[in-house]
Amino acid sequence: MRIGLQTWGSEGDVQPFIALAAGLASAGHKVTLLATDINRRDYNALAQKLGFAWLSVTSPDLPSPEKLEEVGRKLFGTSNHIKQVELIRQHLLEPARHAMFDAAQSLCRSNDLIIGHVLIDPLRVAAEKAGVPMATIALAHNAIPSARNGPYGFPKLGRWATPLWWKLAQAMMNRAFLPKVNALRERQGLAPDRDVLTQTWASGRLNLVAVSPVLCELPSDWGATHCVCGFLNLPVDQSVEETPPGLDEFIARDDPPVYFTFGSMMPSNLDYIRGVADIWSSAVRLAGCRAIFQFPWDDLSAIETDGRVFKVKRSPHKTIFPNCALVVHHGGAGTTQTSLLAGRPSVVVAHVVDQFFWGSELERLGVAGPSQKRKGLSARRLAKSITETLNSREMLRRAASLGQAMAQEDGVKVAVFAIEAMIAGN
C-alpha cells in the first residue's frame with residue numbers, strides 16, 4: 001500500500017516519523033515522508049538507507065536561524081504556557097501552513113493512506129477533500145481529555161474538578177487555534193471543527209499515542225480509536241550517528257558521568273551556549289560529578305570547561321545514556337523516553353509547554369529529581385537536584401526497572417500492526 005506521512009516541528013517531532021516510516025517500509029509498504037523541520041535538517045540520506053522517500057517542506061515565511069533564536073529567547077523568557085503556545089503557533093506553525101497544505105494535497109493525491117502529526121490540521125483538510133483515510137500521531141498524552149487525569153497545570157482538587165478543568169483547557173485551545181483551522185476548512189467547503197483537542201488533533205479512525213505504556217496507561221474512556229503504541233524510535237543498529245572520538249575512553253576512566261543536553265532548545269549562538277556552559281560547569285563542581293556536555297557548535301574549544309567535562313556536538317543517545325549516571329535534559333518527548341529506556345534517572349530543565357508535563361511525569365514515576373525551569377535557572381538549584389537524584393538508591397533502582405520494562409516494547413511494531421488493522425477495517 002502507498003502510505004504518506006507528514007510532520008512538522010523540531011527533531012523530536014521528526015525522528016518518531018522516521019522510525020515509523022522505516023517500519024512501514026520494512027513491512028512492504030511504499031512510504032513517503034514529508035517534514036517541515038524548523039531547524040532545516042535534511043534526513044534524505046537516512047531515508048534512502050531505511051527504504052522510504054523523504055521530502056523537506058519549507059516556506060520562505062518560516063523564521064531564519066537568527067529569527068528562530070529570537071523566538072526561542074521569547075519562549076524561554078516566559079513561564080506562561082498560554083503565551084508560549086501562542087508564540088509557537090504564531091511564529092513556527094502559522095508561517096508553514098500554506099506550504100504544508102500544498103504539500104499535503106499532493107501527498108493525498110498519490111497515497112492510499114495518510115498519517116499525520118496531530119498539529120498539522122491542513123493535512124486533515126487535504127485528506128477529507130481527497131477522500132483518503134487518515135490516522136494521527138500524538139507525541140504526548142497530555143492533550144487527550146480523560147476523566148482519570150486533569151489537564152496539566154490546573155489545580156488538583158479531586159475527580160469532581162477534572163471535567164471543569166478540561167472544559168476550560170479546551171476553551172483556551174479553541175480560542176488559540178480554531179480561527180485558523182476553520183478559516184482553511186471554510187475555504188475548502190468543509191464543515192467547521194468544534195473542538196481542537198478531540199476533533200482537530202485526533203483522527204476519528206486511529207490516533208497513535210507514541211508514548212511507552214510505562215508512562216501512559218490507556219484510560220478506559222479514551223475509546224477504541226486511541227492506541228498507546230509505545231515509543232517510536234529507530235533500533236540502535238539503524239542509527240547513523242557515531243560516538244565522538246575519545247568519549248568511550250572518558251566514560252570508562254572513572255565514575256559514570258552526568259549527561260547534559262538541552263536538545264533542540266539550545267540555539268546555535270556562542271554567547272548563549274557559553275552562558276549555559278557556565279551554569280552547567282558550576283553545577284558539576286557543586287555536585288562533585290563528571291559530565292558530558294552537548295552543544296550545537298562546531299568548534300567546541302571555544303567553550304571553556306575543566307577536565308571533568310567532555311564536550312560533544314552530538315552523540316548517539318541510545319548507546320551513551322546507559323553508560324551515564326543520569327541525564328539532565330530539557331524534557332522533550334524523545335529525550336525523556338530515551339533516558340528512561342536507558343534505565344537512567346533524569347533531572348528535567350523545562351523550557352516550554354509540554355516539557356513541564358514530561359518533567360512531572362518522570363517525577364510521578366519516581367525516576368527524576370526535582371524539575372527546574374530554564375527561566376532563572378541557577379547552578380545551585382540544579383546541583384542540588386542532581387545530588388538528590390544521584391544519592392537516591394530507590395530512584396536509580398526504579399529507573400533501571402522501568403528501563404527493562406520499556407526494552408520489552410516495540411512501539412513501531414505495534415503502530416504498524418494498528419495501521420494495517422485500520423487498513424483492513426478492524
# chains A, B, ... in the order shown; residues from 1 in each chain; ligands from 1
$ select_by_dssp --residues "range 76-316 of chain A" --states "alpha helix (DSSP H)" --output "ChimeraX atom specification"
/A:76,81-88,97-109,121-130,162-187,247-253,270-287
$ select_by_dssp --residues "range 43-187 of chain A" --states "strand (DSSP E)" --output "number ranges by chain"
A: 53-56, 113-117, 134-138
$ closest_residue --among "A:Thr36, A:Thr136, A:Thr335, A:Ser301" --to "Phe262 in chain A" --atoms "only C-alpha atoms"
A:Thr335
$ residues_around --residues "His117 in chain A" --least-positions-apart "2" --cutoff "9 Å" --atoms "only C-alpha atoms" --output "PDB file with C-alpha atoms, in the first residue's frame"
ATOM      1  CA  LEU A   5       3.268  10.704   6.348  1.00  0.00           C
ATOM      2  CA  GLN A   6       3.622  14.370   7.255  1.00  0.00           C
ATOM      3  CA  THR A   7       5.171  16.017  10.293  1.00  0.00           C
ATOM      4  CA  TRP A   8       6.276  19.434  11.497  1.00  0.00           C
ATOM      5  CA  ASP A  13       8.753  15.747  16.067  1.00  0.00           C
ATOM      6  CA  PHE A  17       8.011   9.681  11.981  1.00  0.00           C
ATOM      7  CA  ILE A 115      -0.650   9.582   8.708  1.00  0.00           C
ATOM      8  CA  LEU A 119      -0.825  19.634  14.847  1.00  0.00           C
ATOM      9  CA  ILE A 120      -0.994  19.544  11.033  1.00  0.00           C
ATOM     10  CA  ASP A 121      -4.657  20.280  10.515  1.00  0.00           C
ATOM     11  CA  LEU A 123      -3.262  17.552   6.180  1.00  0.00           C
ATOM     12  CA  ALA A 135      -4.506   8.417  11.104  1.00  0.00           C
ATOM     13  CA  THR A 136      -2.828  10.822  13.518  1.00  0.00           C
ATOM     14  CA  ILE A 137       0.186  10.574  15.815  1.00  0.00           C
ATOM     15  CA  ALA A 138       0.281  12.279  19.217  1.00  0.00           C
ATOM     16  CA  LEU A 139       3.767  12.524  20.692  1.00  0.00           C
ATOM     17  CA  TRP A 201      -5.942  16.900  16.728  1.00  0.00           C
TER      18      TRP A 201
END
$ residues_around --residues "Cys108 in chain A" --least-positions-apart "4" --cutoff "9 Å" --atoms "only C-alpha atoms" --output "PyMOL selection string"
chain A and resi 4+103-104+112-114+123+126-127+129-132
$ closest_residue --among "A:Arg381, A:Arg2, A:Arg398, A:Lys311" --to "Gly246 in chain A" --atoms "only C-alpha atoms"
A:Lys311
$ residues_around --residues "range 39-54 of chain A" --least-positions-apart "4" --cutoff "7 Å" --atoms "only C-alpha atoms" --output "list in words"
Ser10, Ala21, Ala22, Ala25, Lys30, Val31, Thr32, Leu33 and Leu34 of chain A
$ write_last_selection --atoms "N, CA and C atoms" --output "PDB file, in the first residue's frame"
ATOM      1  N   SER A  10      10.417  20.266  15.593  1.00  0.00           N
ATOM      2  CA  SER A  10      11.843  20.109  15.850  1.00  0.00           C
ATOM      3  C   SER A  10      12.238  18.647  15.646  1.00  0.00           C
ATOM      4  N   ALA A  21       8.131   5.456   9.497  1.00  0.00           N
ATOM      5  CA  ALA A  21       8.276   5.299   8.045  1.00  0.00           C
ATOM      6  C   ALA A  21       9.165   4.102   7.728  1.00  0.00           C
ATOM      7  N   ALA A  22      10.246   3.951   8.489  1.00  0.00           N
ATOM      8  CA  ALA A  22      11.140   2.813   8.281  1.00  0.00           C
ATOM      9  C   ALA A  22      10.423   1.499   8.568  1.00  0.00           C
ATOM     10  N   ALA A  25       7.986   0.769   5.737  1.00  0.00           N
ATOM     11  CA  ALA A  25       8.719   0.347   4.539  1.00  0.00           C
ATOM     12  C   ALA A  25       9.206  -1.090   4.689  1.00  0.00           C
ATOM     13  N   LYS A  30       4.948   1.152   0.374  1.00  0.00           N
ATOM     14  CA  LYS A  30       5.657   2.232  -0.309  1.00  0.00           C
ATOM     15  C   LYS A  30       5.383   3.513   0.468  1.00  0.00           C
ATOM     16  N   VAL A  31       6.415   4.085   1.054  1.00  0.00           N
ATOM     17  CA  VAL A  31       6.236   5.141   2.048  1.00  0.00           C
ATOM     18  C   VAL A  31       6.909   6.437   1.609  1.00  0.00           C
ATOM     19  N   THR A  32       6.185   7.538   1.815  1.00  0.00           N
ATOM     20  CA  THR A  32       6.728   8.880   1.573  1.00  0.00           C
ATOM     21  C   THR A  32       6.523   9.710   2.836  1.00  0.00           C
ATOM     22  N   LEU A  33       7.579  10.363   3.282  1.00  0.00           N
ATOM     23  CA  LEU A  33       7.503  11.213   4.478  1.00  0.00           C
ATOM     24  C   LEU A  33       7.810  12.655   4.103  1.00  0.00           C
ATOM     25  N   LEU A  34       6.858  13.546   4.368  1.00  0.00           N
ATOM     26  CA  LEU A  34       7.056  14.984   4.210  1.00  0.00           C
ATOM     27  C   LEU A  34       7.326  15.575   5.589  1.00  0.00           C
TER      28      LEU A  34
END
$ residues_around --residues "Arg187 in chain A" --least-positions-apart "5" --cutoff "12 Å" --atoms "only C-alpha atoms" --output "number ranges by chain"
A: 122, 125-126, 129, 180-182, 192
$ residues_around --residues "His141 in chain A" --least-positions-apart "2" --cutoff "8 Å" --atoms "only C-alpha atoms" --output "ChimeraX atom specification"
/A:138-139,143-144,209,211,216
$ closest_residue --among "A:Glu409, A:Asp195, A:Glu217, A:Asp271" --to "Glu69 in chain A" --atoms "only C-alpha atoms"
A:Asp271
$ closest_atom_pairs --of "range 44-97 of chain A" --to "range 346-363 of chain A" --cutoff "9 Å" --atoms "only C-alpha atoms" --output "tab-separated table"
residue	atom	partner	partner_atom	distance
A:Leu75	CA	A:Val352	CA	6.7
A:Phe76	CA	A:His351	CA	5.7
A:Gly77	CA	A:His351	CA	9.0
A:Thr78	CA	A:Val352	CA	8.7
A:Ser79	CA	A:Val352	CA	7.5
A:Asn80	CA	A:Val353	CA	8.5
A:His81	CA	A:Val353	CA	5.4
A:Ile82	CA	A:Val353	CA	8.2
A:Gln84	CA	A:Val353	CA	6.6
A:Val85	CA	A:Val353	CA	6.9
